[in-house]
file query-v7.pdb (PDB, C-alpha atoms and all ligand atoms)
ATOM      1  CA  MET A 298       0.000   0.000   0.000
ATOM      2  CA  HIS A 299       1.245   3.469  -0.892
ATOM      3  CA  LYS A 300       1.365   6.222   1.715
ATOM      4  CA  VAL A 301       0.475   9.616   0.284
ATOM      5  CA  PRO A 302       1.885  12.693   2.113
ATOM      6  CA  GLU A 303      -0.599  15.108   3.693
ATOM      7  CA  ILE A 304      -1.015  18.847   3.959
ATOM      8  CA  THR A 305      -2.883  20.823   6.612
ATOM      9  CA  LEU A 306      -5.724  23.165   5.669
ATOM     10  CA  ASN A 307      -6.325  26.592   7.253
ATOM     11  CA  ASP A 308      -8.917  25.026   9.598
ATOM     12  CA  GLY A 309      -6.596  22.234  10.768
ATOM     13  CA  LEU A 310      -7.991  19.314   8.720
ATOM     14  CA  THR A 311      -5.331  17.273   6.927
ATOM     15  CA  LEU A 312      -5.691  16.160   3.296
ATOM     16  CA  PRO A 313      -3.558  13.729   1.296
ATOM     17  CA  VAL A 314      -1.831  15.530  -1.588
ATOM     18  CA  ILE A 315      -3.367  13.124  -4.134
ATOM     19  CA  GLY A 316      -6.970  11.954  -4.141
ATOM     20  CA  LEU A 317      -9.198  10.036  -6.506
ATOM     21  CA  GLY A 318     -11.394  11.894  -8.998
ATOM     22  CA  THR A 319     -14.657  10.031  -9.521
ATOM     23  CA  TYR A 320     -16.412  11.711 -12.423
ATOM     24  CA  ALA A 321     -18.116   8.853 -14.358
ATOM     25  CA  LEU A 322     -17.382   6.284 -11.649
ATOM     26  CA  ASN A 323     -20.955   5.180 -10.967
ATOM     27  CA  GLY A 324     -22.856   2.113  -9.845
ATOM     28  CA  ASN A 325     -21.348  -1.197  -8.848
ATOM     29  CA  ALA A 326     -18.368  -0.898 -11.218
ATOM     30  CA  GLY A 327     -17.657   2.570  -9.805
ATOM     31  CA  ALA A 328     -17.857   1.309  -6.215
ATOM     32  CA  SER A 329     -15.381  -1.490  -7.044
ATOM     33  CA  ALA A 330     -12.994   0.982  -8.687
ATOM     34  CA  ILE A 331     -13.144   3.311  -5.662
ATOM     35  CA  GLN A 332     -12.755   0.367  -3.288
ATOM     36  CA  ASN A 333      -9.604  -0.671  -5.214
ATOM     37  CA  ALA A 334      -8.258   2.859  -4.912
ATOM     38  CA  ILE A 335      -8.797   2.881  -1.143
ATOM     39  CA  HIS A 336      -7.093  -0.497  -0.942
ATOM     40  CA  ALA A 337      -4.135   0.910  -2.919
ATOM     41  CA  GLY A 338      -3.724   3.779  -0.456
ATOM     42  CA  TYR A 339      -6.063   6.575  -1.617
ATOM     43  CA  ARG A 340      -7.654   8.337   1.338
ATOM     44  CA  LEU A 341      -9.161  11.410  -0.392
ATOM     45  CA  ILE A 342     -12.167  10.739  -2.625
ATOM     46  CA  ASP A 343     -13.730  13.539  -4.662
ATOM     47  CA  SER A 344     -17.391  13.383  -5.701
ATOM     48  CA  ALA A 345     -20.295  15.725  -6.393
ATOM     49  CA  TYR A 346     -24.067  15.794  -6.150
ATOM     50  CA  ASN A 347     -24.114  16.331  -9.904
ATOM     51  CA  TYR A 348     -21.969  13.237 -10.640
ATOM     52  CA  GLU A 349     -24.839  11.167  -9.219
ATOM     53  CA  ASN A 350     -22.290   8.978  -7.496
ATOM     54  CA  GLU A 351     -22.434   9.966  -3.831
ATOM     55  CA  GLY A 352     -24.109   6.602  -3.168
ATOM     56  CA  THR A 353     -21.364   4.827  -5.107
ATOM     57  CA  VAL A 354     -18.714   6.538  -2.988
ATOM     58  CA  GLY A 355     -20.628   5.692   0.200
ATOM     59  CA  GLU A 356     -20.815   2.051  -0.885
ATOM     60  CA  ALA A 357     -17.038   1.940  -1.464
ATOM     61  CA  VAL A 358     -16.475   3.446   2.000
ATOM     62  CA  LYS A 359     -18.746   0.788   3.502
ATOM     63  CA  ARG A 360     -16.962  -2.044   1.643
ATOM     64  CA  SER A 361     -13.491  -0.844   2.618
ATOM     65  CA  SER A 362     -11.863  -1.868   5.870
ATOM     66  CA  VAL A 363     -10.242   1.533   6.360
ATOM     67  CA  PRO A 364     -11.583   3.376   9.423
ATOM     68  CA  ARG A 365     -13.898   6.238   8.437
ATOM     69  CA  GLU A 366     -11.767   8.813  10.271
ATOM     70  CA  GLU A 367      -8.791   8.033   8.002
ATOM     71  CA  LEU A 368     -10.787   8.897   4.881
ATOM     72  CA  ARG A 369     -11.476  12.334   3.415
ATOM     73  CA  ILE A 370     -14.730  12.291   1.462
ATOM     74  CA  THR A 371     -15.691  15.297  -0.650
ATOM     75  CA  SER A 372     -18.929  16.321  -2.328
ATOM     76  CA  LYS A 373     -20.176  19.501  -3.977
ATOM     77  CA  LEU A 374     -23.254  21.673  -3.981
ATOM     78  CA  PRO A 375     -24.826  22.180  -7.445
ATOM     79  CA  GLY A 376     -25.622  25.641  -8.805
ATOM     80  CA  ARG A 377     -29.384  25.059  -8.822
ATOM     81  CA  TYR A 378     -29.419  24.642  -5.028
ATOM     82  CA  GLN A 379     -27.563  27.761  -3.930
ATOM     83  CA  HIS A 380     -30.552  29.343  -2.129
ATOM     84  CA  TYR A 381     -29.854  28.977   1.606
ATOM     85  CA  ASP A 382     -32.724  26.578   2.406
ATOM     86  CA  LYS A 383     -32.099  24.460  -0.686
ATOM     87  CA  ALA A 384     -28.389  24.319   0.102
ATOM     88  CA  VAL A 385     -29.060  23.022   3.618
ATOM     89  CA  THR A 386     -31.474  20.387   2.282
ATOM     90  CA  THR A 387     -28.989  19.378  -0.422
ATOM     91  CA  ILE A 388     -26.158  18.858   2.073
ATOM     92  CA  GLN A 389     -28.483  16.606   4.080
ATOM     93  CA  GLU A 390     -29.497  14.797   0.870
ATOM     94  CA  SER A 391     -25.822  14.300  -0.111
ATOM     95  CA  LEU A 392     -25.202  12.675   3.279
ATOM     96  CA  TYR A 393     -28.301  10.526   2.916
ATOM     97  CA  ARG A 394     -27.257   9.372  -0.574
ATOM     98  CA  ALA A 395     -23.772   8.416   0.662
ATOM     99  CA  SER A 396     -25.052   6.930   3.951
ATOM    100  CA  LEU A 397     -22.514   9.095   5.757
ATOM    101  CA  ASP A 398     -22.835  11.034   9.020
ATOM    102  CA  TYR A 399     -20.516  13.774   7.789
ATOM    103  CA  TYR A 400     -18.488  14.934   4.792
ATOM    104  CA  ASP A 401     -14.861  15.823   5.377
ATOM    105  CA  LEU A 402     -14.965  18.451   2.665
ATOM    106  CA  TYR A 403     -17.986  20.057   0.994
ATOM    107  CA  LEU A 404     -17.509  22.540  -1.836
ATOM    108  CA  ILE A 405     -19.674  24.976  -3.791
ATOM    109  CA  HIS A 406     -19.349  23.523  -7.304
ATOM    110  CA  TRP A 407     -19.386  26.756  -9.355
ATOM    111  CA  PRO A 408     -19.840  30.395  -8.297
ATOM    112  CA  ASN A 409     -22.451  31.109 -11.010
ATOM    113  CA  PRO A 410     -21.900  34.863 -10.564
ATOM    114  CA  LYS A 411     -24.874  35.917 -12.719
ATOM    115  CA  GLN A 412     -27.161  34.031 -10.364
ATOM    116  CA  ASP A 413     -25.498  35.868  -7.436
ATOM    117  CA  LEU A 414     -26.430  33.355  -4.737
ATOM    118  CA  TYR A 415     -23.040  31.980  -3.787
ATOM    119  CA  VAL A 416     -22.811  34.004  -0.554
ATOM    120  CA  GLU A 417     -26.026  32.486   0.812
ATOM    121  CA  ALA A 418     -24.855  29.043  -0.294
ATOM    122  CA  TRP A 419     -21.638  29.717   1.616
ATOM    123  CA  GLN A 420     -23.635  30.659   4.726
ATOM    124  CA  ALA A 421     -25.378  27.276   4.481
ATOM    125  CA  LEU A 422     -21.994  25.506   4.366
ATOM    126  CA  ILE A 423     -20.805  27.539   7.374
ATOM    127  CA  ASP A 424     -23.906  26.512   9.342
ATOM    128  CA  ALA A 425     -23.671  22.862   8.250
ATOM    129  CA  GLN A 426     -20.089  22.864   9.510
ATOM    130  CA  LYS A 427     -21.296  24.217  12.877
ATOM    131  CA  TRP A 428     -23.926  21.462  13.012
ATOM    132  CA  GLY A 429     -21.231  18.811  12.464
ATOM    133  CA  LEU A 430     -22.361  17.763   8.985
ATOM    134  CA  ILE A 431     -19.139  18.902   7.299
ATOM    135  CA  ARG A 432     -15.605  19.091   8.668
ATOM    136  CA  SER A 433     -14.092  21.523   6.194
ATOM    137  CA  ILE A 434     -15.755  23.904   3.732
ATOM    138  CA  GLY A 435     -14.451  25.136   0.432
ATOM    139  CA  VAL A 436     -15.262  26.164  -3.111
ATOM    140  CA  CYS A 437     -14.528  25.235  -6.704
ATOM    141  CA  ASN A 438     -13.897  27.507  -9.648
ATOM    142  CA  PHE A 439     -14.044  30.693  -7.555
ATOM    143  CA  LEU A 440     -12.065  33.713  -8.759
ATOM    144  CA  PRO A 441     -10.308  35.879  -6.137
ATOM    145  CA  GLU A 442     -13.137  38.452  -6.332
ATOM    146  CA  HIS A 443     -15.690  35.764  -5.402
ATOM    147  CA  ILE A 444     -13.630  34.541  -2.438
ATOM    148  CA  GLU A 445     -13.039  38.096  -1.227
ATOM    149  CA  ARG A 446     -16.800  38.604  -1.140
ATOM    150  CA  LEU A 447     -17.330  35.430   0.893
ATOM    151  CA  GLU A 448     -14.817  36.557   3.466
ATOM    152  CA  LYS A 449     -16.122  40.137   3.588
ATOM    153  CA  GLU A 450     -19.776  39.140   4.000
ATOM    154  CA  THR A 451     -19.419  36.098   6.282
ATOM    155  CA  GLY A 452     -15.980  36.430   7.890
ATOM    156  CA  VAL A 453     -15.131  32.876   6.817
ATOM    157  CA  LYS A 454     -12.776  31.964   4.013
ATOM    158  CA  PRO A 455     -12.636  28.611   2.206
ATOM    159  CA  SER A 456     -10.044  25.985   3.107
ATOM    160  CA  VAL A 457      -9.757  24.809  -0.512
ATOM    161  CA  ASN A 458     -10.451  26.107  -4.011
ATOM    162  CA  GLN A 459     -10.710  23.288  -6.559
ATOM    163  CA  ILE A 460      -9.874  24.690  -9.992
ATOM    164  CA  GLU A 461      -9.015  23.493 -13.483
ATOM    165  CA  LEU A 462      -5.256  23.063 -13.376
ATOM    166  CA  HIS A 463      -2.896  21.138 -15.647
ATOM    167  CA  PRO A 464       0.202  22.000 -17.697
ATOM    168  CA  PHE A 465      -1.890  23.534 -20.503
ATOM    169  CA  PHE A 466      -3.568  25.862 -17.976
ATOM    170  CA  ASN A 467      -1.201  26.379 -15.080
ATOM    171  CA  GLN A 468      -3.208  29.022 -13.159
ATOM    172  CA  GLU A 469      -0.051  30.785 -11.996
ATOM    173  CA  GLN A 470      -1.770  33.937 -10.713
ATOM    174  CA  GLN A 471      -4.671  32.188  -9.051
ATOM    175  CA  ARG A 472      -2.284  29.763  -7.292
ATOM    176  CA  LYS A 473      -0.164  32.659  -6.051
ATOM    177  CA  TRP A 474      -3.292  34.374  -4.721
ATOM    178  CA  HIS A 475      -4.363  31.201  -2.904
ATOM    179  CA  GLN A 476      -0.936  30.875  -1.336
ATOM    180  CA  GLU A 477      -1.035  34.478  -0.091
ATOM    181  CA  HIS A 478      -4.454  33.794   1.464
ATOM    182  CA  ASN A 479      -3.640  30.390   2.952
ATOM    183  CA  ILE A 480      -6.112  28.520   0.736
ATOM    184  CA  VAL A 481      -5.132  25.141  -0.702
ATOM    185  CA  THR A 482      -5.314  24.754  -4.472
ATOM    186  CA  GLU A 483      -6.894  21.490  -5.594
ATOM    187  CA  SER A 484      -6.370  20.596  -9.278
ATOM    188  CA  TRP A 485      -9.274  19.206 -11.276
ATOM    189  CA  SER A 486      -8.556  17.424 -14.548
ATOM    190  CA  PRO A 487      -4.908  17.287 -13.418
ATOM    191  CA  LEU A 488      -4.057  15.093 -16.443
ATOM    192  CA  ALA A 489      -6.125  17.307 -18.771
ATOM    193  CA  ARG A 490      -8.299  14.191 -19.202
ATOM    194  CA  ALA A 491      -5.350  12.268 -20.655
ATOM    195  CA  ASN A 492      -5.890  13.650 -24.139
ATOM    196  CA  HIS A 493      -3.001  15.460 -25.832
ATOM    197  CA  LEU A 494      -1.078  15.989 -22.606
ATOM    198  CA  LEU A 495       0.064  12.393 -22.387
ATOM    199  CA  GLU A 496       1.517  12.648 -25.920
ATOM    200  CA  ASN A 497       3.481  15.797 -25.221
ATOM    201  CA  GLU A 498       7.104  15.582 -26.340
ATOM    202  CA  THR A 499       8.590  17.700 -23.519
ATOM    203  CA  ILE A 500       6.927  15.522 -20.894
ATOM    204  CA  GLN A 501       7.815  12.391 -22.831
ATOM    205  CA  GLN A 502      11.514  13.262 -22.629
ATOM    206  CA  MET A 503      11.306  13.827 -18.865
ATOM    207  CA  ALA A 504       9.438  10.551 -18.452
ATOM    208  CA  GLN A 505      12.251   8.716 -20.237
ATOM    209  CA  HIS A 506      14.905  10.501 -18.199
ATOM    210  CA  HIS A 507      13.272   9.604 -14.855
ATOM    211  CA  ASN A 508      12.028   6.203 -15.987
ATOM    212  CA  LYS A 509       8.469   7.247 -15.074
ATOM    213  CA  SER A 510       5.220   7.499 -17.012
ATOM    214  CA  LEU A 511       3.980  10.796 -18.438
ATOM    215  CA  SER A 512       1.145  10.888 -15.874
ATOM    216  CA  GLN A 513       3.634  10.466 -13.067
ATOM    217  CA  ILE A 514       5.675  13.423 -14.354
ATOM    218  CA  VAL A 515       2.546  15.586 -14.546
ATOM    219  CA  LEU A 516       1.276  14.562 -11.098
ATOM    220  CA  ARG A 517       4.710  15.178  -9.600
ATOM    221  CA  TRP A 518       4.586  18.679 -11.156
ATOM    222  CA  HIS A 519       1.245  19.315  -9.365
ATOM    223  CA  TYR A 520       2.723  18.082  -6.094
ATOM    224  CA  GLN A 521       5.803  20.291  -6.384
ATOM    225  CA  LEU A 522       3.568  23.289  -7.195
ATOM    226  CA  GLY A 523       1.913  22.660  -3.811
ATOM    227  CA  ALA A 524      -1.440  21.635  -5.294
ATOM    228  CA  VAL A 525      -3.595  18.675  -4.246
ATOM    229  CA  SER A 526      -4.509  16.716  -7.386
ATOM    230  CA  ILE A 527      -7.420  14.339  -7.909
ATOM    231  CA  PRO A 528      -6.699  12.213 -11.014
ATOM    232  CA  LYS A 529      -9.593   9.953 -11.966
ATOM    233  CA  SER A 530      -8.902   6.403 -13.010
ATOM    234  CA  ALA A 531     -11.162   3.386 -13.194
ATOM    235  CA  SER A 532      -8.116   1.130 -13.569
ATOM    236  CA  SER A 533      -6.396  -0.191 -10.465
ATOM    237  CA  VAL A 534      -3.079  -0.300 -12.358
ATOM    238  CA  ARG A 535      -3.311   3.376 -13.316
ATOM    239  CA  GLN A 536      -4.567   4.311  -9.829
ATOM    240  CA  ILE A 537      -1.382   2.848  -8.326
ATOM    241  CA  GLU A 538       0.737   4.493 -11.024
ATOM    242  CA  ASN A 539      -0.803   7.866 -10.173
ATOM    243  CA  ILE A 540       0.139   7.756  -6.479
ATOM    244  CA  SER A 541       3.624   6.338  -7.061
ATOM    245  CA  ILE A 542       5.332   9.690  -7.453
ATOM    246  CA  PHE A 543       7.157  10.168  -4.170
ATOM    247  CA  ASP A 544      10.496   8.545  -5.040
ATOM    248  CA  PHE A 545      11.800  11.123  -7.519
ATOM    249  CA  SER A 546      11.720  14.867  -8.083
ATOM    250  CA  LEU A 547      11.708  17.359 -10.923
ATOM    251  CA  ASP A 548      14.358  20.051 -10.930
ATOM    252  CA  GLU A 549      13.606  23.755 -11.417
ATOM    253  CA  THR A 550      14.240  23.620 -15.161
ATOM    254  CA  GLU A 551      11.873  20.682 -15.591
ATOM    255  CA  MET A 552       9.204  22.408 -13.488
ATOM    256  CA  SER A 553       9.518  25.547 -15.662
ATOM    257  CA  LEU A 554       9.444  23.593 -18.928
ATOM    258  CA  ILE A 555       6.154  21.959 -17.890
ATOM    259  CA  SER A 556       4.686  25.254 -16.673
ATOM    260  CA  GLU A 557       5.619  26.869 -19.990
ATOM    261  CA  LEU A 558       3.222  24.528 -21.824
ATOM    262  CA  THR A 559       0.385  26.748 -20.574
ATOM    263  CA  ARG A 560      -1.714  28.674 -23.118
ATOM    264  CA  PRO A 561      -4.314  31.396 -22.620
ATOM    265  CA  ASP A 562      -6.835  29.122 -24.356
ATOM    266  CA  GLY A 563      -5.587  25.997 -22.579
ATOM    267  CA  ARG A 564      -8.806  25.267 -20.703
ATOM    268  CA  ILE A 565     -10.306  21.932 -21.754
ATOM    269  CA  ASN A 566     -13.818  23.236 -22.440
ATOM    270  CA  ASN A 567     -13.371  26.990 -22.184
ATOM    271  CA  GLN A 568     -15.176  27.093 -18.813
ATOM    272  CA  ASP A 569     -14.244  30.544 -17.540
ATOM    273  CA  PRO A 570     -15.806  30.932 -14.053
ATOM    274  CA  ALA A 571     -16.361  34.663 -14.670
ATOM    275  CA  VAL A 572     -19.089  33.805 -17.176
ATOM    276  CA  TYR A 573     -19.614  30.029 -17.288
ATOM    277  CA  GLU A 574     -22.466  28.713 -15.157
ATOM    278  CA  GLU A 575     -23.356  25.189 -14.185
ATOM    279  CA  PHE A 576     -26.536  24.107 -12.482
TER     280      PHE A 576
HETATM  281  N1  LIG A 601     -14.918  21.036  -9.578
HETATM  282  C1  LIG A 601     -15.111  20.894 -10.863
HETATM  283  O1  LIG A 601     -15.734  21.741 -11.510
HETATM  284  C2  LIG A 601     -14.573  19.680 -11.555
HETATM  285  C3  LIG A 601     -14.572  19.615 -12.959
HETATM  286  C4  LIG A 601     -14.050  18.481 -13.563
HETATM  287  C5  LIG A 601     -13.530  17.453 -12.795
HETATM  288  N2  LIG A 601     -13.587  17.502 -11.419
HETATM  289  C6  LIG A 601     -13.039  16.395 -10.581
HETATM  290  O2  LIG A 601     -11.698  16.178 -10.953
HETATM  291  C7  LIG A 601     -11.514  14.802 -11.246
HETATM  292  C8  LIG A 601     -10.396  14.600 -12.235
HETATM  293  O3  LIG A 601     -10.652  15.240 -13.453
HETATM  294  P1  LIG A 601     -11.098  14.465 -14.793
HETATM  295  O4  LIG A 601     -11.737  13.183 -14.468
HETATM  296  O5  LIG A 601     -11.874  15.464 -15.590
HETATM  297  O6  LIG A 601      -9.733  14.262 -15.601
HETATM  298  P2  LIG A 601      -8.278  13.661 -15.300
HETATM  299  O7  LIG A 601      -8.210  13.098 -13.938
HETATM  300  O8  LIG A 601      -7.302  14.696 -15.729
HETATM  301  O9  LIG A 601      -8.178  12.492 -16.378
HETATM  302  C9  LIG A 601      -8.995  11.360 -16.317
HETATM  303  C10 LIG A 601      -8.705  10.520 -17.570
HETATM  304  O10 LIG A 601      -7.330  10.130 -17.559
HETATM  305  C11 LIG A 601      -7.221   8.712 -17.690
HETATM  306  N3  LIG A 601      -6.071   8.318 -16.861
HETATM  307  C12 LIG A 601      -5.972   8.376 -15.516
HETATM  308  N4  LIG A 601      -4.745   7.979 -15.113
HETATM  309  C13 LIG A 601      -4.071   7.671 -16.233
HETATM  310  C14 LIG A 601      -2.761   7.193 -16.461
HETATM  311  N5  LIG A 601      -1.913   6.960 -15.453
HETATM  312  N6  LIG A 601      -2.373   6.966 -17.754
HETATM  313  C15 LIG A 601      -3.227   7.194 -18.780
HETATM  314  N7  LIG A 601      -4.480   7.652 -18.632
HETATM  315  C16 LIG A 601      -4.906   7.888 -17.345
HETATM  316  C17 LIG A 601      -8.542   8.163 -17.181
HETATM  317  O11 LIG A 601      -8.870   6.955 -17.810
HETATM  318  P3  LIG A 601      -9.097   5.590 -16.966
HETATM  319  O12 LIG A 601     -10.210   5.847 -15.990
HETATM  320  O13 LIG A 601      -9.442   4.597 -18.021
HETATM  321  O14 LIG A 601      -7.779   5.304 -16.291
HETATM  322  C18 LIG A 601      -9.525   9.256 -17.637
HETATM  323  O15 LIG A 601      -9.892   9.069 -18.992
HETATM  324  C19 LIG A 601     -12.887  14.376 -11.757
HETATM  325  O16 LIG A 601     -13.022  12.976 -11.858
HETATM  326  C20 LIG A 601     -13.759  15.057 -10.751
HETATM  327  O17 LIG A 601     -13.762  14.322  -9.534
HETATM  328  C21 LIG A 601     -14.078  18.622 -10.802
END
call {"tool": "encode", "arguments": {"input": "query-v7.pdb", "output": "structure tokens"}}
result
Amino acid sequence: MHKVPEITLNDGLTLPVIGLGTYALNGNAGASAIQNAIHAGYRLIDSAYNYENEGTVGEAVKRSSVPREELRITSKLPGRYQHYDKAVTTIQESLYRASLDYYDLYLIHWPNPKQDLYVEAWQALIDAQKWGLIRSIGVCNFLPEHIERLEKETGVKPSVNQIELHPFFNQEQQRKWHQEHNIVTESWSPLARANHLLENETIQQMAQHHNKSLSQIVLRWHYQLGAVSIPKSASSVRQIENISIFDFSLDETEMSLISELTRPDGRINNQDPAVYEEF
């Protein structure tokens, strides 16, 4: 079993630096895949109300022999339930679906700024944390201006901001801002969904040099940036590959070469949180 290093959030909760993404891991096959990941050493499991797999994650937790307190289970509040009352009900529904007493991390999935309800959604997360339903509260896809508003209007800042982050979109400024505000950056689609990234020549050369796979080079880059990454894999072989990155390191030149692959239009689906909305 692989031991993944941990970091400490601004509210004291610890998180492993690599977790399992679970988008499209559903049903019995999904539960088996997540169970395999836990067996391999994954302790952080990402999910979302909108992935319709909170029950699948809960089933994997139930099947695993790992004590609940060693796991870090995440879910996310959808845009259509950002009204305070709906947000509270949705958090309770997420727990019900997963058969859990609490989530370790619960995130607002998208800010949906046109809708302008994310501050009341945040208040619901703050209250749910007080009631013991959630251990740590955070956001996804929030720009600095959105987070500043949360802190100004509620006095509470997120522990985590989960954002699109991979070599084609390295989020340098947003990461710097998080660091200055003691917020952990969590990388979604850390492998850029394994499309062109895992054919990239620069990364290929580094992989050969270190005798590692391209995914391992990319996930090591996330780790050395200080970001928590959540690669999704249904395959137990690739799951193990993705957490076996703690026996080598990239030097400064290699880190820069990977970061330089970024492009202004490098987002996978052009989902700019300033305008994109998801419900
Ligand atoms: N907050 C948000 O708005 C948001 C948005 C998107 C995603 N997410 C979260 O982030 C997680 C990760 O992102 P993602 O699923 O979009 O993309 P990803 O993790 O970058 O890539 C997943 C793809 O890479 C393949 N893969 C994984 N490991 C591999 C390896 N070692 N070698 C080759 N291929 C490999 C997987 O296939 P196999 O399964 O066949 O291995 C899958 O097709 C999601 O699952 C979800 O939990 C959050």
call {"tool": "atom_distance", "arguments": {"input": "query-v7.pdb", "atom1": "CA of Gln459 in chain A", "atom2": "CA of Trp485 in chain A"}}
result
6.4 Å
call {"tool": "resolve_selection", "arguments": {"input": "query-v7.pdb", "expression": "the PyMOL selection byres (((chain A and resi 314) around 10) and not hetatm)", "output": "PDB file with C-alpha atoms, keeping the file's coordinate frame"}}
result
ATOM      1  CA  VAL A 301       0.475   9.616   0.284  1.00  0.00           C
ATOM      2  CA  PRO A 302       1.885  12.693   2.113  1.00  0.00           C
ATOM      3  CA  GLU A 303      -0.599  15.108   3.693  1.00  0.00           C
ATOM      4  CA  ILE A 304      -1.015  18.847   3.959  1.00  0.00           C
ATOM      5  CA  THR A 305      -2.883  20.823   6.612  1.00  0.00           C
ATOM      6  CA  THR A 311      -5.331  17.273   6.927  1.00  0.00           C
ATOM      7  CA  LEU A 312      -5.691  16.160   3.296  1.00  0.00           C
ATOM      8  CA  PRO A 313      -3.558  13.729   1.296  1.00  0.00           C
ATOM      9  CA  ILE A 315      -3.367  13.124  -4.134  1.00  0.00           C
ATOM     10  CA  GLY A 316      -6.970  11.954  -4.141  1.00  0.00           C
ATOM     11  CA  TYR A 339      -6.063   6.575  -1.617  1.00  0.00           C
ATOM     12  CA  ARG A 340      -7.654   8.337   1.338  1.00  0.00           C
ATOM     13  CA  LEU A 341      -9.161  11.410  -0.392  1.00  0.00           C
ATOM     14  CA  GLU A 483      -6.894  21.490  -5.594  1.00  0.00           C
ATOM     15  CA  HIS A 519       1.245  19.315  -9.365  1.00  0.00           C
ATOM     16  CA  TYR A 520       2.723  18.082  -6.094  1.00  0.00           C
ATOM     17  CA  GLY A 523       1.913  22.660  -3.811  1.00  0.00           C
ATOM     18  CA  ALA A 524      -1.440  21.635  -5.294  1.00  0.00           C
ATOM     19  CA  VAL A 525      -3.595  18.675  -4.246  1.00  0.00           C
ATOM     20  CA  SER A 526      -4.509  16.716  -7.386  1.00  0.00           C
ATOM     21  CA  ILE A 527      -7.420  14.339  -7.909  1.00  0.00           C
ATOM     22  CA  ILE A 540       0.139   7.756  -6.479  1.00  0.00           C
TER      23      ILE A 540
END
call {"tool": "axis_aligned_box", "arguments": {"input": "query-v7.pdb", "around": "range 298-312 of chain A", "padding_each_side": "4 Å", "output": "lines of an AutoDock Vina configuration file"}}
result
center_x = -3.5
center_y = 13.3
center_z = 4.9
size_x = 18.8
size_y = 34.6
size_z = 19.7
call {"tool": "residues_near_ligand", "arguments": {"input": "query-v7.pdb", "ligand": "ligand LIG 601 (chain A)", "cutoff": "6 Å", "atoms": "all atoms listed in the file", "output": "list in words"}}
result
Gly318, Thr319, Tyr320, Asp343, Ser344, His406, Cys437, Gln459, Trp485, Ser486, Pro487, Leu488, Ala489, Arg490, Ala491, Ser512, Ile527, Pro528, Lys529, Ser530, Ala531, Ser532, Arg535, Glu538 and Asn539 of chain A
call {"tool": "closest_residue", "arguments": {"input": "query-v7.pdb", "among": "A:Ile555, A:Leu374, A:Ile480, A:Ile423", "to": "Ala504 in chain A", "atoms": "only C-alpha atoms"}}
result
A:Ile555
call {"tool": "resolve_selection", "arguments": {"input": "query-v7.pdb", "expression": "the PyMOL selection byres (((chain A and resi 434) around 9) and not hetatm)", "output": "VMD selection string"}}
result
chain A and resid 401 to 405 419 422 to 423 426 431 to 433 435 to 436 454 to 457
call {"tool": "residues_around", "arguments": {"input": "query-v7.pdb", "residues": "Ser510 in chain A", "least_positions_apart": "5", "cutoff": "9 Å", "atoms": "all atoms listed in the file", "output": "number ranges by chain"}}
result
A: 495, 501, 503-505, 515, 538
call {"tool": "residues_around", "arguments": {"input": "query-v7.pdb", "residues": "range 444-447 of chain A", "least_positions_apart": "4", "cutoff": "10 Å", "atoms": "all atoms listed in the file", "output": "number ranges by chain"}}
result
A: 408, 415-420, 435-436, 439-440, 451-455, 458, 475, 478
call {"tool": "resolve_selection", "arguments": {"input": "query-v7.pdb", "expression": "the PyMOL selection byres (((chain A and resi 571) around 12) and not hetatm)", "output": "list of chain:residue names"}}
result
A:Trp407, A:Pro408, A:Asn409, A:Pro410, A:Lys411, A:Gln412, A:Asp413, A:Asn438, A:Phe439, A:Leu440, A:Pro441, A:Glu442, A:His443, A:Asn567, A:Gln568, A:Asp569, A:Pro570, A:Val572, A:Tyr573, A:Glu574, A:Glu575
call {"tool": "atom_distance", "arguments": {"input": "query-v7.pdb", "atom1": "CA of Ser533 in chain A", "atom2": "CA of Asn492 in chain A"}}
result
19.5 Å
call {"tool": "atom_distance", "arguments": {"input": "query-v7.pdb", "atom1": "CA of Ile331 in chain A", "atom2": "CA of Ala357 in chain A"}}
result
5.9 Å
call {"tool": "closest_residue", "arguments": {"input": "query-v7.pdb", "among": "A:Arg394, A:His463, A:Arg369, A:Lys427", "to": "Leu522 in chain A", "atoms": "only C-alpha atoms"}}
result
A:His463
call {"tool": "closest_residue", "arguments": {"input": "query-v7.pdb", "among": "A:Ile342, A:Ser556, A:Phe543, A:Trp518", "to": "Glu367 in chain A", "atoms": "only C-alpha atoms"}}
result
A:Ile342
call {"tool": "closest_residue", "arguments": {"input": "query-v7.pdb", "among": "A:Asn479, A:Asn325, A:Asn467, A:Gln389", "to": "Thr353 in chain A", "atoms": "all atoms listed in the file"}}
result
A:Asn325
call {"tool": "residues_near_point", "arguments": {"input": "query-v7.pdb", "point": "(-1.2, 3.4, -3.3)", "cutoff": "7 Å", "atoms": "only C-alpha atoms", "output": "list of chain:residue names"}}
result
A:Met298, A:His299, A:Lys300, A:Ala337, A:Gly338, A:Tyr339, A:Ile537, A:Ile540, A:Ser541
call {"tool": "write_last_selection", "arguments": {"input": "query-v7.pdb", "atoms": "C-alpha atoms", "output": "mmCIF file, keeping the file's coordinate frame"}}
result
data_model
loop_
_atom_site.group_PDB
_atom_site.id
_atom_site.type_symbol
_atom_site.label_atom_id
_atom_site.label_comp_id
_atom_site.auth_asym_id
_atom_site.auth_seq_id
_atom_site.Cartn_x
_atom_site.Cartn_y
_atom_site.Cartn_z
ATOM 1 C CA MET A 298 0.000 0.000 0.000
ATOM 2 C CA HIS A 299 1.245 3.469 -0.892
ATOM 3 C CA LYS A 300 1.365 6.222 1.715
ATOM 4 C CA ALA A 337 -4.135 0.910 -2.919
ATOM 5 C CA GLY A 338 -3.724 3.779 -0.456
ATOM 6 C CA TYR A 339 -6.063 6.575 -1.617
ATOM 7 C CA ILE A 537 -1.382 2.848 -8.326
ATOM 8 C CA ILE A 540 0.139 7.756 -6.479
ATOM 9 C CA SER A 541 3.624 6.338 -7.061
#
